[in-house]
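J.: My structure is stored as query_2.cif, with mmCIF, C-alpha atoms.
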data_input
#
loop_
_atom_site.label_atom_id
_atom_site.label_comp_id
_atom_site.auth_asym_id
_atom_site.auth_seq_id
_atom_site.Cartn_x
_atom_site.Cartn_y
_atom_site.Cartn_z
CA MET Z 109 -28.97 10.90 -25.53
CA SER Z 110 -30.52 8.21 -27.75
CA ARG Z 111 -32.40 5.50 -25.95
CA SER Z 112 -31.63 2.87 -28.54
CA ALA Z 113 -28.78 0.47 -27.97
CA PRO Z 114 -25.42 1.67 -29.24
CA LYS Z 115 -23.84 -0.29 -32.03
CA GLY Z 116 -22.35 -3.57 -30.91
CA LEU Z 117 -24.41 -3.82 -27.77
CA PRO Z 118 -26.34 -7.07 -27.79
CA TRP Z 119 -30.03 -6.32 -27.51
CA PRO Z 120 -31.77 -7.33 -25.41
CA PRO Z 121 -28.70 -7.38 -23.17
CA GLU Z 122 -27.37 -10.82 -22.40
CA ARG Z 123 -27.77 -11.40 -18.69
CA SER Z 124 -25.34 -13.41 -16.66
CA ALA Z 125 -27.24 -16.35 -15.29
CA GLU Z 126 -25.49 -17.43 -12.13
CA SER Z 127 -23.47 -14.52 -10.84
CA SER Z 128 -24.29 -11.42 -8.83
CA ALA Z 129 -20.76 -10.09 -9.30
CA LEU Z 130 -20.26 -6.49 -10.38
CA LEU Z 131 -17.50 -7.54 -12.74
CA ARG Z 132 -16.66 -11.00 -13.96
CA THR Z 133 -14.33 -12.32 -16.61
CA SER Z 134 -14.12 -15.72 -18.16
CA LYS Z 135 -11.04 -17.01 -20.01
CA LEU Z 136 -10.08 -13.45 -20.87
CA VAL Z 137 -7.24 -13.21 -23.39
CA LYS Z 138 -5.40 -10.24 -24.85
CA VAL Z 139 -2.83 -10.80 -27.57
CA TYR Z 140 -0.84 -8.04 -29.27
CA ARG Z 141 0.40 -8.66 -32.77
CA ALA Z 142 2.85 -6.23 -34.38
CA ASP Z 143 5.39 -6.78 -37.13
CA GLY Z 144 4.99 -10.51 -36.99
CA VAL Z 145 5.66 -10.58 -33.24
CA THR Z 146 2.95 -11.97 -30.99
CA VAL Z 147 2.78 -11.03 -27.30
CA GLU Z 148 0.28 -12.80 -25.09
CA ALA Z 149 -0.25 -10.16 -22.41
CA VAL Z 150 -3.31 -11.68 -20.75
CA ARG Z 151 -3.67 -15.45 -20.98
CA GLY Z 152 -6.95 -16.74 -19.69
CA VAL Z 153 -7.96 -14.65 -16.68
CA ASP Z 154 -11.01 -15.55 -14.59
CA ILE Z 155 -11.74 -12.98 -11.92
CA GLU Z 156 -14.78 -11.74 -10.07
CA ILE Z 157 -15.25 -8.43 -8.29
CA ALA Z 158 -18.21 -8.10 -5.95
CA ILE Z 159 -20.24 -4.92 -5.59
CA GLY Z 160 -18.33 -2.52 -3.35
CA GLU Z 161 -15.22 -4.67 -3.16
CA PHE Z 162 -11.70 -3.17 -3.10
CA VAL Z 163 -9.27 -5.39 -5.00
CA ALA Z 164 -5.59 -4.75 -5.70
CA ILE Z 165 -3.68 -6.31 -8.58
CA MET Z 166 0.02 -6.84 -8.06
CA GLY Z 167 2.69 -8.63 -10.06
CA PRO Z 168 6.05 -8.11 -11.74
CA SER Z 169 6.28 -5.63 -14.60
CA GLY Z 170 5.21 -7.25 -17.82
CA SER Z 171 2.81 -9.58 -16.02
CA GLY Z 172 -0.16 -8.01 -17.82
CA LYS Z 173 -1.60 -5.89 -15.00
CA SER Z 174 -2.16 -2.67 -16.93
CA THR Z 175 -3.30 -4.50 -20.04
CA LEU Z 176 -5.89 -6.36 -18.00
CA LEU Z 177 -7.17 -3.11 -16.50
CA HIS Z 178 -7.37 -1.44 -19.91
CA VAL Z 179 -9.28 -4.36 -21.39
CA LEU Z 180 -11.68 -4.39 -18.43
CA GLY Z 181 -12.36 -0.69 -18.97
CA GLY Z 182 -12.82 -1.12 -22.71
CA LEU Z 183 -9.79 1.02 -23.57
CA GLU Z 184 -8.50 -1.91 -25.61
CA PRO Z 185 -10.55 -4.76 -27.07
CA ALA Z 186 -10.18 -8.26 -25.66
CA THR Z 187 -8.85 -10.88 -28.07
CA SER Z 188 -11.15 -13.57 -26.67
CA GLY Z 189 -13.04 -14.49 -23.54
CA GLU Z 190 -15.89 -12.77 -21.79
CA ILE Z 191 -16.33 -9.65 -19.66
CA TRP Z 192 -19.54 -9.21 -17.72
CA LEU Z 193 -20.31 -5.92 -16.03
CA ARG Z 194 -23.41 -5.54 -13.86
CA GLY Z 195 -24.79 -8.76 -15.27
CA GLN Z 196 -24.38 -7.66 -18.85
CA ARG Z 197 -21.90 -9.04 -21.34
CA VAL Z 198 -19.74 -6.15 -22.54
CA ASP Z 199 -16.70 -7.59 -24.34
CA GLY Z 200 -18.38 -7.22 -27.71
CA LEU Z 201 -19.25 -3.55 -27.30
CA SER Z 202 -18.19 -1.01 -29.90
CA THR Z 203 -15.97 1.91 -28.98
CA ALA Z 204 -19.08 4.06 -28.64
CA GLY Z 205 -20.81 1.44 -26.55
CA TRP Z 206 -17.84 1.33 -24.20
CA ALA Z 207 -17.71 5.12 -24.00
CA ILE Z 208 -21.32 5.20 -22.85
CA LEU Z 209 -20.77 2.39 -20.37
CA ARG Z 210 -17.70 4.11 -18.90
CA ARG Z 211 -19.54 7.40 -18.52
CA ARG Z 212 -22.25 5.75 -16.50
CA HIS Z 213 -20.57 2.97 -14.60
CA VAL Z 214 -16.78 2.98 -14.78
CA GLY Z 215 -14.31 5.60 -13.57
CA PHE Z 216 -10.64 5.57 -14.58
CA VAL Z 217 -7.59 6.95 -12.77
CA PHE Z 218 -4.11 6.67 -14.25
CA GLN Z 219 -0.58 7.14 -12.97
CA PHE Z 220 -0.04 10.21 -15.12
CA PHE Z 221 -3.39 11.84 -14.35
CA ASN Z 222 -4.32 12.32 -18.06
CA LEU Z 223 -6.11 15.62 -17.45
CA LEU Z 224 -7.11 17.78 -20.39
CA SER Z 225 -4.46 20.47 -20.31
CA ASN Z 226 -6.37 23.12 -22.27
CA MET Z 227 -9.33 23.05 -19.87
CA THR Z 228 -9.63 24.30 -16.32
CA VAL Z 229 -9.80 21.98 -13.33
CA ALA Z 230 -13.54 22.70 -13.09
CA ASP Z 231 -14.16 21.81 -16.74
CA ASN Z 232 -12.14 18.62 -16.43
CA VAL Z 233 -14.36 17.48 -13.57
CA GLU Z 234 -17.66 18.65 -15.08
CA LEU Z 235 -17.07 17.10 -18.50
CA PRO Z 236 -17.95 13.48 -17.62
CA ALA Z 237 -21.21 14.52 -16.00
CA LEU Z 238 -22.14 16.68 -18.99
CA LEU Z 239 -21.29 13.82 -21.36
CA ALA Z 240 -23.50 11.53 -19.31
CA GLY Z 241 -26.42 13.90 -19.78
CA ALA Z 242 -26.35 16.01 -16.62
CA THR Z 243 -27.48 19.63 -16.89
CA PRO Z 244 -24.74 22.27 -16.55
CA ARG Z 245 -26.16 23.19 -13.16
CA GLN Z 246 -26.09 19.57 -11.92
CA ALA Z 247 -22.56 19.11 -13.27
CA ARG Z 248 -21.40 22.27 -11.54
CA ARG Z 249 -22.95 21.28 -8.23
CA ARG Z 250 -21.35 17.84 -8.35
CA ARG Z 251 -17.99 19.39 -9.27
CA GLU Z 252 -18.16 21.86 -6.39
CA GLU Z 253 -18.99 19.04 -4.00
CA LEU Z 254 -16.12 16.86 -5.15
CA LEU Z 255 -13.46 19.56 -5.23
CA ALA Z 256 -14.47 20.71 -1.76
CA GLU Z 257 -14.31 17.16 -0.47
CA LEU Z 258 -10.85 16.76 -1.98
CA GLY Z 259 -9.64 20.05 -0.52
CA ILE Z 260 -8.97 21.73 -3.87
CA ALA Z 261 -12.05 23.94 -4.26
CA ASP Z 262 -9.77 26.99 -4.66
CA LYS Z 263 -8.13 25.43 -7.74
CA ALA Z 264 -11.33 25.21 -9.82
CA GLY Z 265 -10.30 27.98 -12.23
CA ALA Z 266 -6.67 26.87 -12.58
CA ALA Z 267 -5.10 25.03 -15.48
CA PRO Z 268 -4.04 21.49 -14.48
CA ALA Z 269 -0.40 22.24 -15.27
CA ARG Z 270 -0.32 24.84 -12.49
CA LEU Z 271 -1.10 22.18 -9.88
CA SER Z 272 1.24 19.88 -7.96
CA GLY Z 273 1.23 16.15 -8.77
CA GLY Z 274 -0.85 15.38 -5.71
CA GLU Z 275 -3.41 18.02 -6.62
CA GLN Z 276 -3.60 16.81 -10.21
CA GLN Z 277 -4.23 13.27 -9.01
CA ARG Z 278 -7.04 14.55 -6.80
CA VAL Z 279 -8.57 16.30 -9.81
CA ALA Z 280 -8.28 13.06 -11.76
CA LEU Z 281 -10.05 11.27 -8.92
CA ALA Z 282 -12.78 13.90 -8.82
CA ARG Z 283 -13.27 13.43 -12.55
CA ALA Z 284 -13.39 9.65 -12.19
CA LEU Z 285 -15.93 9.90 -9.37
CA ALA Z 286 -18.08 12.59 -11.02
CA ASN Z 287 -20.72 10.13 -12.18
CA GLU Z 288 -20.54 7.94 -9.07
CA PRO Z 289 -19.38 4.91 -11.03
CA SER Z 290 -20.03 1.53 -9.44
CA LEU Z 291 -16.52 0.52 -10.52
CA LEU Z 292 -13.36 2.58 -10.25
CA LEU Z 293 -10.39 1.27 -12.24
CA ALA Z 294 -7.08 2.71 -11.06
CA ASP Z 295 -3.69 2.11 -12.69
CA GLU Z 296 -0.85 2.92 -10.25
CA PRO Z 297 -2.74 5.97 -8.93
CA THR Z 298 -0.02 6.68 -6.36
CA GLY Z 299 2.90 5.74 -8.60
CA ASN Z 300 4.01 9.32 -9.04
CA LEU Z 301 3.22 10.73 -5.62
CA ASP Z 302 5.25 11.34 -2.49
CA SER Z 303 4.15 9.68 0.72
CA SER Z 304 1.97 12.50 2.03
CA ASN Z 305 0.08 12.79 -1.27
CA THR Z 306 -0.17 9.01 -1.38
CA ARG Z 307 -1.87 9.12 2.01
CA ASP Z 308 -4.37 11.73 0.78
CA VAL Z 309 -5.24 9.76 -2.36
CA LEU Z 310 -5.62 6.62 -0.27
CA ARG Z 311 -7.94 8.38 2.12
CA LEU Z 312 -10.12 9.38 -0.83
CA LEU Z 313 -10.09 5.90 -2.30
CA ARG Z 314 -11.11 4.49 1.06
CA ARG Z 315 -13.93 6.99 1.24
CA ALA Z 316 -15.13 5.97 -2.24
CA HIS Z 317 -14.87 2.34 -1.12
CA ALA Z 318 -16.82 3.08 2.05
CA SER Z 319 -19.58 4.70 0.02
CA GLY Z 320 -20.07 1.42 -1.83
CA GLN Z 321 -17.98 1.87 -4.95
CA ALA Z 322 -15.89 -1.09 -6.06
CA ILE Z 323 -12.22 -0.40 -6.75
CA LEU Z 324 -9.90 -2.45 -8.91
CA MET Z 325 -6.42 -1.06 -8.64
CA VAL Z 326 -3.07 -2.00 -10.14
CA THR Z 327 -0.28 -1.11 -7.74
CA HIS Z 328 3.31 -1.85 -6.78
CA ASP Z 329 2.88 -0.08 -3.49
CA ALA Z 330 2.34 -2.68 -0.79
CA ARG Z 331 0.97 -0.07 1.62
CA VAL Z 332 -1.78 0.62 -0.88
CA ALA Z 333 -2.38 -3.06 -1.65
CA SER Z 334 -2.53 -4.01 2.03
CA LEU Z 335 -5.61 -1.82 2.43
CA ALA Z 336 -7.54 -3.80 -0.17
CA ASP Z 337 -10.04 -6.51 0.73
CA ARG Z 338 -8.30 -8.86 -1.66
CA VAL Z 339 -5.05 -8.99 -3.61
CA ILE Z 340 -4.71 -10.69 -6.97
CA ASN Z 341 -1.20 -11.56 -8.06
CA LEU Z 342 -0.73 -11.66 -11.80
CA PHE Z 343 2.18 -13.54 -13.33
CA ASP Z 344 2.85 -14.12 -17.02
CA GLY Z 345 -0.64 -12.94 -17.88
CA MET Z 346 -2.32 -15.39 -15.52
CA VAL Z 347 -3.70 -15.25 -11.99
CA ALA Z 348 -1.02 -16.75 -9.74
CA ASP Z 349 -2.74 -15.91 -6.47
CA ASP Z 350 -6.04 -14.45 -5.37
CA ALA Z 351 -6.47 -14.04 -1.62
CA LYS Z 352 -8.06 -11.85 1.02
CA VAL Z 353 -5.69 -9.68 3.05
CA VAL Z 354 -5.97 -11.20 6.51
CA PRO Z 355 -5.27 -8.74 9.30
CA LEU Z 356 -2.81 -9.93 11.95
CA PRO Z 357 -4.24 -10.47 15.39
CA ARG Z 358 -3.90 -7.21 17.28
CA GLY Z 359 -1.30 -7.56 19.98
CA VAL Z 360 -1.33 -5.63 23.22
CA ASN Z 361 2.08 -4.05 22.67
CA GLY Z 362 1.26 -2.10 19.54
CA VAL Z 363 4.35 -0.98 17.72
CA ARG Z 364 6.62 -3.22 19.73
CA ASP Z 365 5.10 -6.36 18.25
CA VAL Z 366 6.07 -5.33 14.78
CA LEU Z 367 9.27 -3.42 15.33
CA GLU Z 368 12.28 -4.92 16.92
CA LEU Z 369 14.86 -2.35 17.85
CA ARG Z 370 18.18 -3.77 18.85
CA GLY Z 371 20.68 -1.86 20.92
CA MET N 890 20.96 -2.80 25.79
CA ARG N 891 24.63 -2.06 26.66
CA GLN N 892 25.25 0.81 24.26
CA PRO N 893 22.02 2.72 24.91
CA LEU N 894 22.78 2.66 28.65
CA LEU N 895 26.36 3.87 28.05
CA ALA N 896 25.02 6.64 25.80
CA LEU N 897 22.53 7.80 28.43
CA LEU N 898 25.21 7.76 31.14
CA ALA N 899 27.53 9.81 28.92
CA LYS N 900 25.02 12.63 29.33
CA GLU N 901 24.82 12.41 33.14
CA PRO N 902 25.08 9.89 35.96
CA ALA N 903 21.82 8.11 36.72
CA HIS N 904 20.33 5.18 38.59
CA GLY N 905 18.67 2.18 36.98
CA TYR N 906 15.10 3.34 37.14
CA GLU N 907 15.96 6.76 35.70
CA LEU N 908 17.58 4.98 32.75
CA LYS N 909 14.43 2.95 32.13
CA LEU N 910 12.32 6.10 32.17
CA ALA N 911 14.73 7.92 29.86
CA LEU N 912 14.61 5.10 27.28
CA GLU N 913 10.82 5.11 27.34
CA GLN N 914 10.68 8.85 27.02
CA ILE N 915 13.18 9.13 24.16
CA PHE N 916 11.97 6.25 22.01
CA GLY N 917 8.30 6.44 22.83
CA GLN N 918 6.23 3.47 21.85
CA ALA N 919 8.87 2.23 19.45
CA TYR N 920 11.30 0.71 21.96
CA PRO N 921 10.81 -2.81 23.26
CA SER N 922 9.79 -1.83 26.79
CA PRO N 923 12.99 -2.07 28.87
CA ASN N 924 12.71 -4.52 31.73
CA ILE N 925 14.12 -3.06 34.97
CA GLY N 926 15.79 -6.33 35.95
CA GLN N 927 17.52 -6.48 32.59
CA ILE N 928 18.78 -2.93 33.09
CA TYR N 929 20.28 -3.79 36.49
CA VAL N 930 21.94 -6.93 35.15
CA THR N 931 23.41 -4.99 32.22
CA LEU N 932 24.70 -2.24 34.51
CA LYS N 933 26.37 -4.84 36.72
CA ARG N 934 28.12 -6.38 33.72
CA LEU N 935 29.19 -2.98 32.42
CA GLU N 936 30.68 -2.32 35.85
CA GLN N 937 32.53 -5.67 35.84
CA ASP N 938 33.94 -4.71 32.43
CA GLY N 939 35.13 -1.38 33.82
CA LEU N 940 32.91 0.70 31.54
CA VAL N 941 30.84 2.24 34.35
CA ARG N 942 31.32 2.71 38.08
CA SER N 943 28.75 3.22 40.77
CA GLN N 944 28.26 4.54 44.28
CA ASP N 945 25.45 4.35 46.77
CA VAL N 946 23.66 7.58 47.43
CA GLU N 947 21.88 7.85 50.72
CA GLN N 948 18.23 8.77 50.73
CA THR N 949 16.40 9.84 53.84
CA THR N 950 13.01 8.23 53.38
CA ARG N 951 13.90 5.41 51.03
CA PRO N 952 16.60 2.76 50.70
CA ASN N 953 19.90 3.94 49.20
CA LYS N 954 20.05 4.14 45.46
CA ARG N 955 22.99 3.15 43.32
CA VAL N 956 24.04 5.85 40.88
CA TYR N 957 26.09 4.91 37.83
CA GLU N 958 28.53 6.99 35.83
CA LEU N 959 30.65 6.39 32.75
CA THR N 960 34.38 5.61 33.13
CA PRO N 961 36.97 6.79 30.53
CA ALA N 962 37.05 3.23 29.19
CA GLY N 963 33.25 3.39 28.89
CA ARG N 964 33.49 6.62 26.95
CA ASP N 965 36.02 5.02 24.55
CA ALA N 966 33.79 1.99 24.05
CA LEU N 967 30.82 4.25 23.36
CA SER N 968 32.77 6.35 20.80
CA ALA N 969 33.95 3.20 19.06
CA TRP N 970 30.33 1.96 18.84
CA VAL N 971 29.07 5.28 17.48
CA ASP N 972 31.89 5.53 14.92
CA GLU N 973 31.65 2.03 13.45
CA PRO N 974 29.30 1.52 10.50
CA THR N 975 26.14 -0.39 11.37
CA ASP N 976 25.05 -3.49 9.47
CA GLY N 977 21.79 -3.15 7.57
CA PRO N 978 19.03 -5.62 8.30
CA ARG N 979 19.63 -8.95 6.61
CA ILE N 980 17.32 -10.16 3.92
CA ARG N 981 14.93 -12.97 4.72
CA ASP N 982 17.50 -15.66 4.19
CA GLU N 983 15.43 -18.29 5.96
CA PHE N 984 12.63 -17.83 3.47
CA PHE N 985 15.12 -17.96 0.61
CA ILE N 986 16.50 -21.26 1.86
CA LYS N 987 12.98 -22.67 1.99
CA LEU N 988 12.32 -21.34 -1.48
CA VAL N 989 15.39 -22.99 -2.95
CA LEU N 990 15.38 -26.25 -1.03
CA ALA N 991 11.75 -27.16 -0.38
CA PRO N 992 10.85 -27.83 -4.04
CA MET N 993 13.97 -29.99 -4.40
CA ALA N 994 12.83 -32.09 -1.49
CA GLY N 995 9.39 -32.34 -3.06
CA LEU N 996 7.81 -30.54 -0.10
CA ALA N 997 6.19 -27.56 -1.79
CA ASP N 998 6.15 -25.77 -5.07
CA ARG N 999 7.76 -22.37 -5.36
CA MET N 1000 4.69 -20.49 -6.49
CA ALA N 1001 2.77 -21.70 -3.44
CA LEU N 1002 5.64 -20.71 -1.13
CA MET N 1003 5.88 -17.25 -2.66
CA ASN N 1004 2.14 -16.77 -2.51
CA SER N 1005 1.96 -17.58 1.17
CA GLN N 1006 4.98 -15.39 1.91
CA ARG N 1007 3.42 -12.49 0.00
CA ARG N 1008 0.17 -12.89 1.89
CA HIS N 1009 2.09 -12.77 5.15
CA TYR N 1010 3.98 -9.62 4.13
CA LEU N 1011 0.73 -7.92 3.12
CA SER N 1012 -0.82 -8.76 6.48
CA LEU N 1013 2.22 -7.27 8.21
CA MET N 1014 1.93 -4.22 6.00
CA ARG N 1015 -1.73 -3.83 6.90
CA ARG N 1016 -0.73 -3.89 10.59
CA LEU N 1017 1.98 -1.28 10.02
CA THR N 1018 -0.40 1.06 8.20
CA GLU N 1019 -2.84 0.69 11.09
CA LEU N 1020 -0.06 1.46 13.55
CA GLN N 1021 0.92 4.46 11.50
CA ALA N 1022 -2.62 5.78 11.77
CA GLU N 1023 -2.76 5.10 15.51
CA THR N 1024 0.61 6.62 16.34
CA ASP N 1025 0.71 10.09 17.84
CA PRO N 1026 2.22 12.32 15.12
CA ALA N 1027 4.32 13.96 17.83
CA ASP N 1028 6.00 10.62 18.59
CA THR N 1029 8.74 11.12 16.00
CA PRO N 1030 10.89 8.06 16.85
CA ALA N 1031 7.90 5.71 16.59
CA ARG N 1032 6.78 7.34 13.36
CA LEU N 1033 10.21 7.06 11.76
CA LEU N 1034 10.67 3.47 12.85
CA ILE N 1035 7.31 2.45 11.43
CA GLU N 1036 8.17 4.19 8.18
CA GLY N 1037 11.48 2.32 8.12
CA ALA N 1038 9.69 -0.98 8.67
CA VAL N 1039 7.26 -0.13 5.85
CA LEU N 1040 10.13 0.56 3.46
CA HIS N 1041 11.90 -2.67 4.40
CA LEU N 1042 8.72 -4.65 3.89
CA GLN N 1043 8.18 -3.02 0.49
CA ALA N 1044 11.73 -4.06 -0.43
CA ASP N 1045 11.00 -7.63 0.71
CA LEU N 1046 7.95 -7.70 -1.56
CA ASP N 1047 9.86 -6.27 -4.50
CA TRP N 1048 12.53 -8.89 -3.96
CA LEU N 1049 9.87 -11.60 -3.83
CA GLU N 1050 8.74 -10.40 -7.25
CA ARG N 1051 12.31 -10.73 -8.53
CA CYS N 1052 12.48 -14.28 -7.17
CA GLN N 1053 9.20 -15.01 -8.93
CA GLU N 1054 10.59 -13.73 -12.22
CA GLU N 1055 13.78 -15.78 -12.00
CA LEU N 1056 12.82 -18.97 -10.21
CA VAL N 1057 9.35 -19.92 -11.41
#
Take the structure from the file and write it as structure tokens.

T.:
Amino acid sequence: MSRSAPKGLPWPPERSAESSALLRTSKLVKVYRADGVTVEAVRGVDIEIAIGEFVAIMGPSGSGKSTLLHVLGGLEPATSGEIWLRGQRVDGLSTAGWAILRRRHVGFVFQFFNLLSNMTVADNVELPALLAGATPRQARRRREELLAELGIADKAGAAPARLSGGEQQRVALARALANEPSLLLADEPTGNLDSSNTRDVLRLLRRAHASGQAILMVTHDARVASLADRVINLFDGMVADDAKVVPLPRGVNGVRDVLELRG
Amino acid sequence: MRQPLLALLAKEPAHGYELKLALEQIFGQAYPSPNIGQIYVTLKRLEQDGLVRSQDVEQTTRPNKRVYELTPAGRDALSAWVDEPTDGPRIRDEFFIKLVLAPMAGLADRMALMNSQRRHYLSLMRRLTELQAETDPADTPARLLIEGAVLHLQADLDWLERCQEELV
């Protein structure tokens, strides 16, 4: 891999002066224009994600949640505003610049898994490490580790299509975590899963969180969101609320405090 | 409290303390712990209404115990209760009234009300997920009730989103 800065990357990198945040945006805007119609999907978002923080984004459909996530991961360019990742300004990066950044620092998980269907599970998971410059042996070792941890080591040689939805999402997670990104972006990762698979994926996300990776996750599922450190509510492309999830005081009666059964 | 006691007595006659134990055993952690005094008061009322009858059973080493059994009228009342459809839980109408009226009175803006309500729901949800993790998987009634509460809470949050879309 070339050591020179990829096209579009400011060099030397612009450093954020005041903030130690992992990810920070300032007045971020995303406007779509097609056939003379203008849609303002993201309208001036200022958010900050600390290192290792788990943040959920909720909001009605059409509030700009997925668009925001895609812009933050460089899958779509911002229209205006700033994105700072690890103290470096990244909104001006080229497609190639973003690709390199994602390989090293950002993992992505989607609702529909987006696995490469013509490759085995093992190849899907090894690819990001190989692209990031790992040797085949290192990539294989990391893949074996991850699949074992996710309980799908026996599926390494299978085609993704042969797996259940829950298994495919675990493969997608393994792929996203292959390079130990400091930021995991997840778009409705449990949106297609039943409750037992949702629990498994959540367990894995919590483990990634516990190991110091930051997670920014779009979700409708309140069970999932309630596990986050913080929940951002997006409305009409703007931040309507941004608050820590405060645990209730733990009562002595356990279930009975929450459930009221009448008979 | 009336119907569960009738239902337990339909199985076999029992005294008050046995009924308390049976409720705890059947519903596990999920039932609001039945108070023994409340059980005795309810049994007395059921007897006054002719739905159960009782007799004292002598015990050698302890005071007599009063054993209750279902009457035919009690069995009819129980069948009627089982057969009638049960109302679902009502939506949070008190919150809705606040949401509609408070801004009119100049007391709060709707976005702020919805935000604080959402935060509250998420805290409740966090508690439920913790409970789910703490609950013995073999305690099926508790597990199912928690899952029901989770689903209701999710519906409340979805509905809050709808209110946000229409009212803000």

J.: To one decimal place, how far is CA of Leu131 (chain Z) from CA of Ile157 (chain Z) in Å?

T.: 5.1 Å

J.: Which distance in Å separates CA of Asp1025 (chain N) and CA of Ile928 (chain N), to one decimal?

T.: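 These atoms are spaced 27.0 Å apart.
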
J.: Running the PyMOL selection byres ((chain N and resi 1033) around 12) on this model by hand, what would come out? Give it as a list in words.

T.: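 This file gives the following for the PyMOL selection byres ((chain N and resi 1033) around 12): Val363 and Leu367 of chain Z; Phe916, Gly917, Gln918, Ala919, Leu1017, Leu1020, Gln1021, Thr1024, Asp1025, Pro1026, Ala1027, Asp1028, Thr1029, Pro1030, Ala1031, Arg1032, Leu1034, Ile1035, Glu1036, Gly1037, Ala1038, Val1039 and Leu1040 of chain N.
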
J.: Counting all atoms listed in the file, which of N:Leu1056, N:Val946, N:Ile915, N:Leu1042 gets nearest to chain Z?

T.: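 For chain Z, the nearest of the given residues is N:Leu1042.
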
J.: Can you measure CA of Pro961 (chain N) to CA of Val941 (chain N) for me? One decimal in Å is fine.

T.: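 Computing it gives 8.5 Å between the two atoms.
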